[in-house]
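*Asks:* Provided herewith: query_13.txt, compact mmCIF, C-alpha atoms and all ligand atoms.
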```
# COMPACT_ATOMS: atom_id res chain seq x y z
CA MET J 1 121.48 122.08 106.89
CA SER J 2 120.89 122.45 103.20
CA ILE J 3 117.98 120.00 102.80
CA ALA J 4 115.06 122.34 103.37
CA SER J 5 111.36 121.85 103.78
CA LYS J 6 109.16 123.38 101.11
CA ALA J 7 106.04 121.95 102.70
CA ALA J 8 102.77 122.82 101.01
CA GLY J 9 99.17 121.95 101.87
CA VAL J 10 96.96 119.68 99.77
CA GLU J 11 93.27 120.06 99.04
CA PHE J 12 90.86 117.71 97.25
CA ARG J 13 87.53 119.17 96.14
CA ASN J 14 84.97 116.58 95.07
CA VAL J 15 87.59 114.41 93.43
CA SER J 16 86.58 111.17 91.68
CA ARG J 17 88.56 108.64 89.71
CA ARG J 18 86.75 106.15 87.50
CA TYR J 19 88.10 103.18 85.56
CA GLY J 20 85.37 102.08 83.19
CA ASN J 21 82.56 100.94 85.45
CA THR J 22 84.70 100.96 88.61
CA THR J 23 84.76 104.09 90.74
CA ALA J 24 88.03 103.85 92.67
CA VAL J 25 87.59 107.22 94.44
CA ASP J 26 84.14 108.75 94.72
CA ASP J 27 83.60 112.47 95.31
CA VAL J 28 86.29 112.83 97.95
CA SER J 29 87.05 116.17 99.64
CA PHE J 30 89.69 116.86 102.29
CA THR J 31 92.33 119.37 103.35
CA ILE J 32 95.84 118.52 104.50
CA GLU J 33 97.68 121.32 106.24
CA ALA J 34 101.28 122.09 105.38
CA GLY J 35 103.70 120.36 107.75
CA ASN J 36 101.24 117.67 108.83
CA LEU J 37 101.43 113.94 108.46
CA VAL J 38 98.03 112.68 107.35
CA THR J 39 97.25 109.01 106.89
CA LEU J 40 94.86 107.43 104.41
CA LEU J 41 93.65 104.38 106.30
CA GLY J 42 91.29 101.69 105.12
CA PRO J 43 90.98 98.10 103.94
CA SER J 44 92.48 96.84 100.71
CA GLY J 45 90.71 98.17 97.61
CA CYS J 46 89.11 101.21 99.32
CA GLY J 47 90.91 103.74 97.12
CA LYS J 48 93.99 104.76 99.13
CA THR J 49 96.63 104.21 96.47
CA THR J 50 94.51 105.85 93.79
CA THR J 51 94.08 108.91 96.04
CA LEU J 52 97.82 109.05 96.71
CA ARG J 53 98.67 108.68 93.03
CA MET J 54 96.32 111.54 92.19
CA ILE J 55 98.27 113.77 94.61
CA ALA J 56 101.46 112.77 92.79
CA GLY J 57 99.94 113.26 89.35
CA LEU J 58 100.62 109.62 88.48
CA GLU J 59 96.88 109.24 88.07
CA MET J 60 94.55 111.94 86.78
CA ALA J 61 91.25 112.84 88.43
CA SER J 62 88.15 112.01 86.36
CA SER J 63 86.41 114.97 87.99
CA GLY J 64 86.99 117.46 90.79
CA THR J 65 89.85 119.78 91.70
CA ILE J 66 93.24 119.13 93.34
CA LEU J 67 95.24 121.97 94.87
CA ILE J 68 98.80 121.88 96.17
CA GLY J 69 100.04 124.97 97.98
CA GLY J 70 96.79 126.67 96.98
CA LYS J 71 97.56 126.16 93.27
CA ASP J 72 95.28 124.14 90.99
CA VAL J 73 97.36 121.17 89.82
CA THR J 74 94.47 118.99 88.63
CA ARG J 75 95.78 118.80 85.05
CA LEU J 76 99.52 118.98 85.83
CA PRO J 77 101.53 115.84 85.08
CA ALA J 78 103.70 114.28 87.79
CA THR J 79 106.89 115.83 86.44
CA ASP J 80 105.48 119.32 86.95
CA ARG J 81 104.45 118.72 90.55
CA ASN J 82 106.93 118.95 93.37
CA VAL J 83 105.71 115.75 94.98
CA THR J 84 107.71 112.60 95.71
CA MET J 85 106.58 109.09 96.47
CA VAL J 86 108.26 106.44 98.62
CA PHE J 87 107.17 103.04 97.34
CA GLN J 88 106.63 99.85 99.27
CA SER J 89 109.02 98.06 96.89
CA TYR J 90 111.80 100.68 97.46
CA ALA J 91 112.48 100.63 93.67
CA LEU J 92 116.25 101.16 94.02
CA PHE J 93 118.55 100.67 91.04
CA PRO J 94 120.47 97.48 91.89
CA HIS J 95 123.59 98.32 89.86
CA MET J 96 124.06 101.81 91.36
CA THR J 97 125.66 102.61 94.68
CA VAL J 98 123.44 103.80 97.48
CA ALA J 99 124.81 107.34 97.11
CA ASP J 100 124.13 107.35 93.35
CA ASN J 101 120.62 106.05 93.95
CA VAL J 102 119.94 108.91 96.35
CA ALA J 103 121.51 111.51 94.04
CA TYR J 104 119.81 110.13 90.91
CA GLY J 105 116.67 112.30 90.94
CA LEU J 106 118.74 115.45 91.47
CA VAL J 107 121.15 114.63 88.64
CA VAL J 108 118.27 113.88 86.28
CA SER J 109 116.70 117.24 87.11
CA GLY J 110 119.92 119.02 86.20
CA VAL J 111 121.67 119.56 89.53
CA ARG J 112 125.48 119.50 89.20
CA LYS J 113 127.00 116.14 90.13
CA ARG J 114 129.05 117.55 93.04
CA ASP J 115 126.06 119.31 94.58
CA ALA J 116 123.88 116.24 94.12
CA ALA J 117 126.52 114.07 95.81
CA ALA J 118 126.72 116.48 98.74
CA LYS J 119 122.95 116.41 99.16
CA ALA J 120 122.94 112.62 98.93
CA THR J 121 125.51 112.43 101.73
CA GLU J 122 123.35 114.70 103.82
CA GLY J 123 120.19 112.75 103.02
CA LEU J 124 121.84 109.49 104.03
CA GLU J 125 122.95 111.04 107.30
CA LEU J 126 119.39 112.20 107.99
CA VAL J 127 118.09 108.63 107.72
CA GLY J 128 120.91 107.19 109.82
CA LEU J 129 122.92 105.75 106.93
CA GLY J 130 125.96 108.04 106.95
CA GLY J 131 128.90 106.02 105.65
CA TYR J 132 126.81 103.56 103.61
CA GLY J 133 126.93 105.54 100.38
CA GLN J 134 129.42 103.35 98.52
CA ARG J 135 127.54 100.09 99.09
CA LEU J 136 125.18 98.50 96.64
CA PRO J 137 121.50 98.16 97.65
CA SER J 138 121.95 94.37 97.80
CA GLU J 139 124.50 94.89 100.58
CA LEU J 140 121.87 96.49 102.82
CA SER J 141 119.05 94.98 104.88
CA GLY J 142 115.41 95.56 103.93
CA GLY J 143 115.03 98.27 106.56
CA GLN J 144 118.18 100.02 105.35
CA GLN J 145 116.97 99.89 101.75
CA GLN J 146 113.74 101.51 102.86
CA ARG J 147 115.81 104.28 104.48
CA VAL J 148 117.66 104.80 101.20
CA ALA J 149 114.30 105.18 99.47
CA VAL J 150 113.32 107.82 102.05
CA ALA J 151 116.65 109.65 101.63
CA ARG J 152 116.22 109.64 97.84
CA ALA J 153 112.81 111.29 98.29
CA LEU J 154 114.02 113.81 100.90
CA VAL J 155 116.88 115.23 98.82
CA LEU J 156 114.35 116.35 96.21
CA GLU J 157 112.88 118.69 98.84
CA PRO J 158 109.32 117.91 97.82
CA GLU J 159 106.35 120.07 98.75
CA VAL J 160 104.56 116.85 99.60
CA LEU J 161 106.12 113.50 100.48
CA LEU J 162 103.98 110.43 99.84
CA PHE J 163 104.33 106.99 101.40
CA ASP J 164 102.41 104.00 100.04
CA GLU J 165 102.43 101.24 102.66
CA PRO J 166 106.16 101.84 103.15
CA LEU J 167 106.66 99.28 105.90
CA SER J 168 104.70 96.29 104.72
CA ASN J 169 107.80 94.36 103.63
CA LEU J 170 109.44 94.64 107.05
CA ASP J 171 109.01 92.47 110.13
CA ALA J 172 106.94 93.70 113.07
CA LYS J 173 109.78 94.97 115.26
CA LEU J 174 111.47 96.86 112.44
CA ARG J 175 108.12 98.31 111.32
CA ARG J 176 107.69 99.92 114.71
CA LYS J 177 111.20 101.40 114.66
CA MET J 178 110.86 102.65 111.08
CA ARG J 179 107.48 104.25 111.66
CA ASP J 180 108.87 106.12 114.67
CA ASP J 181 111.88 107.25 112.63
CA ILE J 182 109.72 108.41 109.72
CA ARG J 183 107.50 110.38 112.11
CA GLU J 184 110.51 111.94 113.84
CA LEU J 185 112.10 112.98 110.55
CA GLN J 186 108.79 114.35 109.23
CA GLN J 187 108.35 116.50 112.34
CA LYS J 188 111.98 117.60 112.42
CA LEU J 189 111.92 118.75 108.78
CA GLY J 190 108.32 120.01 108.93
CA LEU J 191 107.38 117.92 105.88
CA THR J 192 103.86 117.60 104.52
CA SER J 193 103.41 113.86 104.31
CA VAL J 194 100.58 111.65 103.16
CA TYR J 195 100.94 108.13 104.39
CA VAL J 196 98.93 105.14 103.19
CA THR J 197 98.40 102.11 105.39
CA HIS J 198 95.78 99.46 106.11
CA ASP J 199 97.22 99.03 109.62
CA GLN J 200 95.19 100.98 112.16
CA GLU J 201 97.86 100.84 114.86
CA GLU J 202 100.45 102.28 112.49
CA ALA J 203 98.02 105.05 111.55
CA LEU J 204 97.28 105.92 115.18
CA ALA J 205 101.01 106.00 115.96
CA VAL J 206 102.28 108.32 113.22
CA SER J 207 99.47 110.66 112.23
CA ASP J 208 98.44 114.22 112.97
CA ARG J 209 95.16 113.37 111.30
CA ILE J 210 93.69 110.25 109.73
CA ILE J 211 91.36 110.02 106.75
CA VAL J 212 89.51 106.72 107.07
CA MET J 213 88.34 105.41 103.70
CA ASN J 214 85.83 102.69 102.96
CA LYS J 215 84.55 101.64 99.54
CA SER J 216 85.92 104.67 97.65
CA VAL J 217 84.55 107.29 100.05
CA ILE J 218 85.71 108.92 103.29
CA ALA J 219 84.17 107.22 106.32
CA GLN J 220 85.53 109.80 108.80
CA THR J 221 88.37 112.27 109.23
CA GLY J 222 89.90 113.23 112.55
CA THR J 223 92.83 113.09 114.93
CA PRO J 224 93.77 109.61 116.16
CA ASP J 225 92.11 110.43 119.48
CA GLU J 226 88.86 111.66 117.88
CA LEU J 227 88.57 108.57 115.70
CA TYR J 228 89.28 106.21 118.55
CA ARG J 229 87.04 107.89 121.12
CA ARG J 230 84.31 109.28 118.91
CA PRO J 231 83.83 107.06 115.90
CA LYS J 232 80.94 108.34 113.80
CA ASN J 233 79.80 105.08 112.30
CA ARG J 234 79.97 101.33 112.60
CA PHE J 235 82.77 101.01 110.07
CA VAL J 236 85.17 103.34 111.90
CA ALA J 237 84.30 101.92 115.33
CA ASP J 238 85.06 98.45 114.08
CA PHE J 239 88.08 99.21 111.89
CA ILE J 240 89.92 101.36 114.44
CA GLY J 241 90.50 99.68 117.76
CA GLY J 242 88.19 96.74 117.07
CA ALA J 243 85.22 97.78 119.23
CA ASN J 244 82.56 95.36 120.44
CA LEU J 245 79.38 96.39 118.65
CA ILE J 246 76.18 95.74 120.55
CA ASP J 247 72.69 97.14 120.44
CA GLY J 248 71.66 99.76 122.99
CA GLU J 249 69.20 102.57 123.31
CA LEU J 250 69.83 106.27 123.61
CA VAL J 251 67.52 107.46 126.39
CA GLY J 252 68.64 110.99 127.17
CA ARG J 253 71.27 113.68 126.89
CA SER J 254 72.58 116.63 128.84
CA GLY J 255 75.58 118.83 128.20
CA GLY J 256 77.91 116.89 125.96
CA THR J 257 76.89 113.54 127.38
CA ALA J 258 74.28 111.03 126.37
CA THR J 259 72.77 108.26 128.45
CA VAL J 260 72.34 104.88 126.84
CA ALA J 261 70.54 101.84 128.17
CA LEU J 262 72.13 98.41 127.84
CA GLY J 263 69.63 95.96 129.29
CA ARG J 264 69.04 97.18 132.85
CA LEU J 265 72.33 99.15 132.92
CA THR J 266 72.68 102.80 132.01
CA LEU J 267 75.99 104.06 130.64
CA SER J 268 77.28 107.54 129.83
CA VAL J 269 78.82 108.19 126.44
CA PRO J 270 79.91 111.32 124.52
CA ASP J 271 76.78 112.75 122.87
CA PRO J 272 76.73 111.30 119.34
CA GLY J 273 74.15 113.83 118.13
CA LEU J 274 71.71 111.07 117.24
CA PRO J 275 67.98 111.07 118.05
CA ALA J 276 66.73 109.07 121.05
CA GLY J 277 66.09 105.41 120.31
CA GLU J 278 68.05 102.51 118.90
CA VAL J 279 71.82 102.99 118.65
CA LEU J 280 74.84 100.78 118.29
CA LEU J 281 77.26 100.81 121.22
CA ALA J 282 80.94 100.60 120.31
CA ILE J 283 82.66 99.25 123.41
CA ARG J 284 86.44 99.11 123.40
CA PRO J 285 88.00 95.83 124.54
CA ASN J 286 89.74 97.69 127.38
CA ALA J 287 86.51 99.35 128.59
CA ILE J 288 85.20 96.05 129.96
CA ARG J 289 86.36 94.63 133.28
CA LEU J 290 85.76 91.16 134.65
CA ARG J 291 85.06 90.24 138.24
CA THR J 292 83.87 87.11 139.91
CA GLY J 293 80.23 87.03 141.00
CA SER J 294 76.92 85.61 139.95
CA ALA J 295 73.78 86.92 138.28
CA ASP J 296 71.86 87.57 141.52
CA SER J 297 74.58 89.92 142.78
CA ALA J 298 75.19 91.53 139.38
CA GLY J 299 74.81 95.18 140.54
CA ASP J 300 76.45 97.31 137.86
CA GLY J 301 77.61 94.29 135.86
CA ILE J 302 76.16 91.82 133.42
CA PRO J 303 76.48 88.05 133.84
CA VAL J 304 78.85 86.44 131.35
CA THR J 305 80.48 83.11 130.67
CA VAL J 306 84.20 83.09 129.93
CA ARG J 307 84.57 81.23 126.65
CA LYS J 308 88.29 81.80 126.27
CA ALA J 309 91.03 83.21 128.51
CA THR J 310 94.46 83.93 127.03
CA TYR J 311 97.48 85.06 129.05
CA LEU J 312 99.64 87.50 127.07
CA GLY J 313 102.15 88.61 129.71
CA SER J 314 101.12 92.24 130.07
CA HIS J 315 97.39 91.56 129.84
CA MET J 316 94.67 88.94 129.55
CA GLU J 317 92.43 88.55 126.55
CA TYR J 318 88.98 87.12 127.14
CA GLY J 319 86.23 85.94 124.87
CA LEU J 320 82.91 86.24 126.71
CA THR J 321 79.40 85.08 125.99
CA SER J 322 76.67 87.40 127.23
CA GLU J 323 72.98 88.06 126.65
CA PHE J 324 74.11 90.92 124.35
CA GLY J 325 76.31 88.70 122.24
CA ASP J 326 79.99 87.80 122.30
CA LEU J 327 82.41 90.29 123.85
CA PHE J 328 86.15 90.61 123.38
CA VAL J 329 87.99 91.97 126.43
CA VAL J 330 91.55 93.16 127.08
CA ASP J 331 92.15 93.21 130.82
CA PRO J 332 95.40 94.36 132.49
CA ASN J 333 94.71 92.20 135.54
CA VAL J 334 97.02 89.24 135.00
CA ALA J 335 97.50 88.56 138.74
CA SER J 336 94.07 86.98 139.26
CA PRO J 337 92.75 85.87 135.88
CA VAL J 338 89.31 84.36 135.44
CA PRO J 339 89.61 80.88 133.93
CA ALA J 340 87.81 79.67 130.80
CA GLY J 341 84.50 78.04 131.62
CA ALA J 342 83.84 80.28 134.64
CA THR J 343 80.79 82.48 135.01
CA ALA J 344 81.62 86.06 135.97
CA LEU J 345 80.38 89.63 135.85
CA ALA J 346 81.42 92.18 133.24
CA THR J 347 81.35 95.86 134.13
CA PHE J 348 81.90 98.84 131.87
CA THR J 349 84.29 101.70 132.55
CA GLY J 350 83.11 105.22 131.73
CA ASP J 351 85.68 105.83 129.01
CA GLY J 352 85.95 103.78 125.84
CA ILE J 353 82.29 103.55 124.91
CA ALA J 354 80.71 105.44 122.03
CA ALA J 355 77.26 105.37 120.45
CA VAL J 356 76.91 105.30 116.67
CA ALA J 357 73.95 104.91 114.31
CA ARG J 358 72.72 101.33 113.92
N1 LIG T 401 94.35 100.98 86.87
C1 LIG T 401 93.19 100.49 87.34
N2 LIG T 401 92.28 99.96 86.52
C2 LIG T 401 91.10 99.46 86.98
N3 LIG T 401 90.75 99.45 88.28
C3 LIG T 401 91.63 99.97 89.17
C4 LIG T 401 92.89 100.51 88.76
N4 LIG T 401 93.54 100.94 89.86
C5 LIG T 401 92.73 100.70 90.90
N5 LIG T 401 91.59 100.10 90.50
C6 LIG T 401 90.47 99.69 91.37
O1 LIG T 401 90.12 100.78 92.19
C7 LIG T 401 89.84 100.35 93.51
C8 LIG T 401 90.75 101.05 94.51
O2 LIG T 401 92.08 100.61 94.32
P1 LIG T 401 93.30 101.17 95.17
O3 LIG T 401 93.27 102.65 95.15
O4 LIG T 401 94.53 100.51 94.68
O5 LIG T 401 92.94 100.66 96.63
P2 LIG T 401 93.86 100.50 97.95
O6 LIG T 401 95.16 101.17 97.71
O7 LIG T 401 93.04 101.14 99.03
O8 LIG T 401 93.99 99.03 98.18
C9 LIG T 401 89.97 98.84 93.51
O9 LIG T 401 88.70 98.29 93.31
C10 LIG T 401 90.88 98.59 92.32
O10 LIG T 401 90.64 97.31 91.79
MG MG T 402 97.12 100.36 97.83
```
Please re-express this file's structure in structure tokens.
*Replies:*
Amino acid sequence: MSIASKAAGVEFRNVSRRYGNTTAVDDVSFTIEAGNLVTLLGPSGCGKTTTLRMIAGLEMASSGTILIGGKDVTRLPATDRNVTMVFQSYALFPHMTVADNVAYGLVVSGVRKRDAAAKATEGLELVGLGGYGQRLPSELSGGQQQRVAVARALVLEPEVLLFDEPLSNLDAKLRRKMRDDIRELQQKLGLTSVYVTHDQEEALAVSDRIIVMNKSVIAQTGTPDELYRRPKNRFVADFIGGANLIDGELVGRSGGTATVALGRLTLSVPDPGLPAGEVLLAIRPNAIRLRTGSADSAGDGIPVTVRKATYLGSHMEYGLTSEFGDLFVVDPNVASPVPAGATALATFTGDGIAAVAR
């Protein structure tokens, strides 16, 4: 195979980007290891695209230092960085064949036409489009055009491959397939990739690590599992996995475990490293179970009223009213669902609960 990986790591040291009075990215520091796929995840306007464009050199840092492959590139323009971006809009030339689109960047950078064409053929094969080279972009589906955009980036053998919301123009089923294909290709070629999305499920599915951003700063960095199981703050608990957030009290700790009180119940959670006292409990929708019963036989449960019960084939979704507030529940028990309007007991499974600062 002649398309090779030249993967390099990326480091941001206290990087900010200001536009007049707006600070788009505020004193951000992170390290991305070579060969990893790292996602910038956060709501619209939090600074993801600006961060990505600063890696590419399409946007210059107002302050701070950016390193690629250990080299300071802070002042280098895009053309002098070996970084390629895959855009959401694909940005293919409509009048050029697919093969010419893929070869374009190589030809422009001085590669001989024959060699560029050979690489383009190889790139198209890598993305599952062998044999499509002579078509025009308009003769391909949206998903296929996105693959062409990926092939065009791959043939340049970038040190870092950037994706800015690459799947947002595709329908749900195709998005899932494409994200799996991108992840597979990235791992196969050992590419360093930075992937921007506002979709938490997509981020959990493709990433080695996720950088969660909120309002121009990093809210938390970690593996998908760390972020899901040990969110460090309310924002991350809510944004990833949509936890129920209710007030509790940290009453003790031993080993790596803390005990929290929720009304008259005590629950074990991973030690959040917070002082004893008021905390916020982040309870995953699948960490709550429903059973029939009434308040006087509550035992390890809390009395609830089922406000809404929705059958979704593989699971039930419930909206509950409780003394701690409304709870959203995902329950795999579809065989004996609890109907809307019923009173029931909610219990909490050991896993899927975290404590964060209030
Ligand atoms: N060229 C620009 N001029 C002025 N403000 C900008 C510019 N680019 C981005 N911003 C602002 O910076 C913030 C972050 O934008 P962006 O990085 O595009 O966020 P995201 O990609 O997470 O949606 C937003 O408030 C946006 O309005
Ligand atoms: Mg953006």
*Asks:* Taking only C-alpha atoms and all ligand atoms into account, list the residues no farther than 7 Å from ligand MG 402 (chain T), as a PyMOL selection string.
*Replies:* chain J and resi 44-45+48-49+164
*Asks:* Give the residues close to ligand LIG 401 (chain T), within 7 Å, counting only C-alpha atoms and all ligand atoms; write them as a ChimeraX atom specification.
*Replies:* /J:19,22-25,42-51,216
*Asks:* Please produce an output containing C-alpha atoms for each residue in the selection, written as a short mmCIF file (atom, residue, chain, number, x, y, z; two decimals), keeping the file's coordinate frame.
*Replies:*
```cif
data_model
loop_
_atom_site.label_atom_id
_atom_site.label_comp_id
_atom_site.auth_asym_id
_atom_site.auth_seq_id
_atom_site.Cartn_x
_atom_site.Cartn_y
_atom_site.Cartn_z
CA TYR J 19 88.10 103.18 85.56
CA THR J 22 84.70 100.96 88.61
CA THR J 23 84.76 104.09 90.74
CA ALA J 24 88.03 103.85 92.67
CA VAL J 25 87.59 107.22 94.44
CA GLY J 42 91.29 101.69 105.12
CA PRO J 43 90.98 98.10 103.94
CA SER J 44 92.48 96.84 100.71
CA GLY J 45 90.71 98.17 97.61
CA CYS J 46 89.11 101.21 99.32
CA GLY J 47 90.91 103.74 97.12
CA LYS J 48 93.99 104.76 99.13
CA THR J 49 96.63 104.21 96.47
CA THR J 50 94.51 105.85 93.79
CA THR J 51 94.08 108.91 96.04
CA SER J 216 85.92 104.67 97.65
#
```
*Asks:* Taking (76.6, 115.1, 129.5) in the file's coordinates, which residues come within 10 Å, counting only C-alpha atoms, written as a PyMOL selection string?
*Replies:* chain J and resi 252-259+268-271
*Asks:* Which residue out of J:Asn233, J:Ser62, J:Thr39, J:Thr192 has the minimum interatomic distance to Pro158 of chain J when all atoms listed in the file are used?
*Replies:* J:Thr192
*Asks:* Find the spatial neighbours of Ala355 of chain J, counting all atoms listed in the file, within a cut-off of 10 Å - ignore same-chain residues fewer than 3 positions away - and output them as a ChimeraX atom specification.
*Replies:* /J:230-234,237,245-250,258-260,268-274,278-283,358
*Asks:* Which residue, J:Val38, J:Ala103, J:Val338, J:Leu126, has the smallest gap to Glu202 of chain J when you use only C-alpha atoms?
*Replies:*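 Nearest candidate to Glu202 of chain J out of J:Val38, J:Ala103, J:Val338, J:Leu126: J:Val38.
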*Asks:* Pick out the closest residue to Ser168 of chain J from this set: J:Ala149, J:Pro285, J:Tyr90, J:Arg135. Count all atoms listed in the file.
*Replies:*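 The answer is J:Tyr90, which sits nearest to Ser168 of chain J.
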*Asks:* Have a look at J:Gln200, J:Ala61, J:Gly142, J:Ala34 and name the one nearest to Ser5 of chain J; count all atoms listed in the file.
*Replies:*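 Between J:Gln200, J:Ala61, J:Gly142, J:Ala34, the residue approaching Ser5 of chain J most closely is J:Ala34.
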*Asks:* Hey, can you pull every residue with an atom no more than 7 Å from (121.4, 99.7, 97.7), using all atoms listed in the file, and send it as a PyMOL selection string?
*Replies:* chain J and resi 92+94+97-98+135-140+145
*Asks:* Within 12 Å of Ala117 of chain J, counting only C-alpha atoms, which residues show up once you throw out same-chain ones fewer than 3 positions away? Write them as a list in words, please.
*Replies:*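 What passes the distance filter is Thr97, Val98, Ala99, Asp100, Asn101, Val102, Ala103, Tyr104, Gly105, Leu106, Val107, Val111, Arg112, Lys113, Arg114, Ala120, Thr121, Glu122, Gly123, Leu124, Gly133, Gln134, Arg152 and Val155 of chain J.
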*Asks:* Can you pull out every residue within 8 Å of Ile32 of chain J, counting all atoms listed in the file, but drop anything in the same chain fewer than 6 positions away, and send it as a list in words?
*Replies:* Gly9, Val10, Glu11 and Val38 of chain J
*Asks:* Would you work out the distance separating atom CA of Leu189 of chain J from atom CA of Val160 of chain J, expressed in Å to one decimal?
*Replies:*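 So the two atoms, atom CA of Leu189 of chain J and atom CA of Val160 of chain J, lie 11.9 Å apart.
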*Asks:* Restricting the calculation to only C-alpha atoms: of J:Gly341, J:Gly350, J:Gly64, J:Gly57, which residue gets closest to Leu76 of chain J?
*Replies:* J:Gly57
*Asks:* Quick one: residues within 7 Å of segment 321-323 of chain J, all atoms listed in the file, excluding same-chain residues fewer than 6 positions away - as a PDB file with C-alpha atoms, in the coordinates of the input?
*Replies:*
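Ended up saving to out01.pdb:
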```
ATOM      1  CA  PRO J 303      76.480  88.050 133.840  1.00  0.00           C
ATOM      2  CA  VAL J 304      78.850  86.440 131.350  1.00  0.00           C
ATOM      3  CA  THR J 305      80.480  83.110 130.670  1.00  0.00           C
ATOM      4  CA  VAL J 306      84.200  83.090 129.930  1.00  0.00           C
ATOM      5  CA  ARG J 307      84.570  81.230 126.650  1.00  0.00           C
TER       6      ARG J 307
END
```
*Asks:* Box for segment 187-200 of chain J - axis-aligned, 3 Å on each of the six sides, all listed atoms - centre and size in Å to one decimal, as AutoDock Vina command-line options.
*Replies:*
```
--center_x 103.6 --center_y 109.5 --center_z 107.8 --size_x 22.8 --size_y 27.0 --size_z 15.3
```
*Asks:* With distances taken over only C-alpha atoms, which residue among J:Val251, J:Glu125, J:Phe12, J:Ile288 lies nearest Leu320 of chain J?
*Replies:*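 The closest residue to Leu320 of chain J is J:Ile288.
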*Asks:* Missing atoms in segment 111-126 of chain J need filling: write out N, CA and C atoms for it as a PDB file, keeping the file's coordinate frame.
*Replies:*
```pdb
ATOM      1  N   VAL J 111     120.770 119.071  88.476  1.00  0.00           N
ATOM      2  CA  VAL J 111     121.670 119.560  89.530  1.00  0.00           C
ATOM      3  C   VAL J 111     123.094 119.058  89.225  1.00  0.00           C
ATOM      4  N   ARG J 112     124.097 119.908  89.462  1.00  0.00           N
ATOM      5  CA  ARG J 112     125.480 119.500  89.200  1.00  0.00           C
ATOM      6  C   ARG J 112     125.859 118.310  90.065  1.00  0.00           C
ATOM      7  N   LYS J 113     126.672 117.409  89.477  1.00  0.00           N
ATOM      8  CA  LYS J 113     127.000 116.140  90.130  1.00  0.00           C
ATOM      9  C   LYS J 113     127.529 116.336  91.542  1.00  0.00           C
ATOM     10  N   ARG J 114     128.430 117.344  91.725  1.00  0.00           N
ATOM     11  CA  ARG J 114     129.050 117.550  93.040  1.00  0.00           C
ATOM     12  C   ARG J 114     128.007 117.963  94.078  1.00  0.00           C
ATOM     13  N   ASP J 115     127.098 118.848  93.658  1.00  0.00           N
ATOM     14  CA  ASP J 115     126.060 119.310  94.580  1.00  0.00           C
ATOM     15  C   ASP J 115     125.095 118.171  94.923  1.00  0.00           C
ATOM     16  N   ALA J 116     124.770 117.374  93.897  1.00  0.00           N
ATOM     17  CA  ALA J 116     123.880 116.240  94.120  1.00  0.00           C
ATOM     18  C   ALA J 116     124.511 115.246  95.095  1.00  0.00           C
ATOM     19  N   ALA J 117     125.814 115.005  94.923  1.00  0.00           N
ATOM     20  CA  ALA J 117     126.520 114.070  95.810  1.00  0.00           C
ATOM     21  C   ALA J 117     126.527 114.582  97.246  1.00  0.00           C
ATOM     22  N   ALA J 118     126.699 115.891  97.391  1.00  0.00           N
ATOM     23  CA  ALA J 118     126.720 116.480  98.740  1.00  0.00           C
ATOM     24  C   ALA J 118     125.351 116.336  99.407  1.00  0.00           C
ATOM     25  N   LYS J 119     124.319 116.571  98.625  1.00  0.00           N
ATOM     26  CA  LYS J 119     122.950 116.410  99.160  1.00  0.00           C
ATOM     27  C   LYS J 119     122.672 114.961  99.512  1.00  0.00           C
ATOM     28  N   ALA J 120     123.156 114.045  98.673  1.00  0.00           N
ATOM     29  CA  ALA J 120     122.940 112.620  98.930  1.00  0.00           C
ATOM     30  C   ALA J 120     123.593 112.218 100.258  1.00  0.00           C
ATOM     31  N   THR J 121     124.808 112.724 100.477  1.00  0.00           N
ATOM     32  CA  THR J 121     125.510 112.430 101.730  1.00  0.00           C
ATOM     33  C   THR J 121     124.677 112.923 102.912  1.00  0.00           C
ATOM     34  N   GLU J 122     124.158 114.113 102.751  1.00  0.00           N
ATOM     35  CA  GLU J 122     123.350 114.700 103.820  1.00  0.00           C
ATOM     36  C   GLU J 122     122.055 113.909 104.044  1.00  0.00           C
ATOM     37  N   GLY J 123     121.425 113.530 102.937  1.00  0.00           N
ATOM     38  CA  GLY J 123     120.190 112.750 103.020  1.00  0.00           C
ATOM     39  C   GLY J 123     120.422 111.421 103.725  1.00  0.00           C
ATOM     40  N   LEU J 124     121.534 110.778 103.404  1.00  0.00           N
ATOM     41  CA  LEU J 124     121.840 109.490 104.030  1.00  0.00           C
ATOM     42  C   LEU J 124     122.101 109.666 105.529  1.00  0.00           C
ATOM     43  N   GLU J 125     122.739 110.779 105.881  1.00  0.00           N
ATOM     44  CA  GLU J 125     122.950 111.040 107.300  1.00  0.00           C
ATOM     45  C   GLU J 125     121.614 111.228 108.029  1.00  0.00           C
ATOM     46  N   LEU J 126     120.703 111.945 107.374  1.00  0.00           N
ATOM     47  CA  LEU J 126     119.390 112.200 107.990  1.00  0.00           C
ATOM     48  C   LEU J 126     118.646 110.903 108.320  1.00  0.00           C
TER      49      LEU J 126
END
```
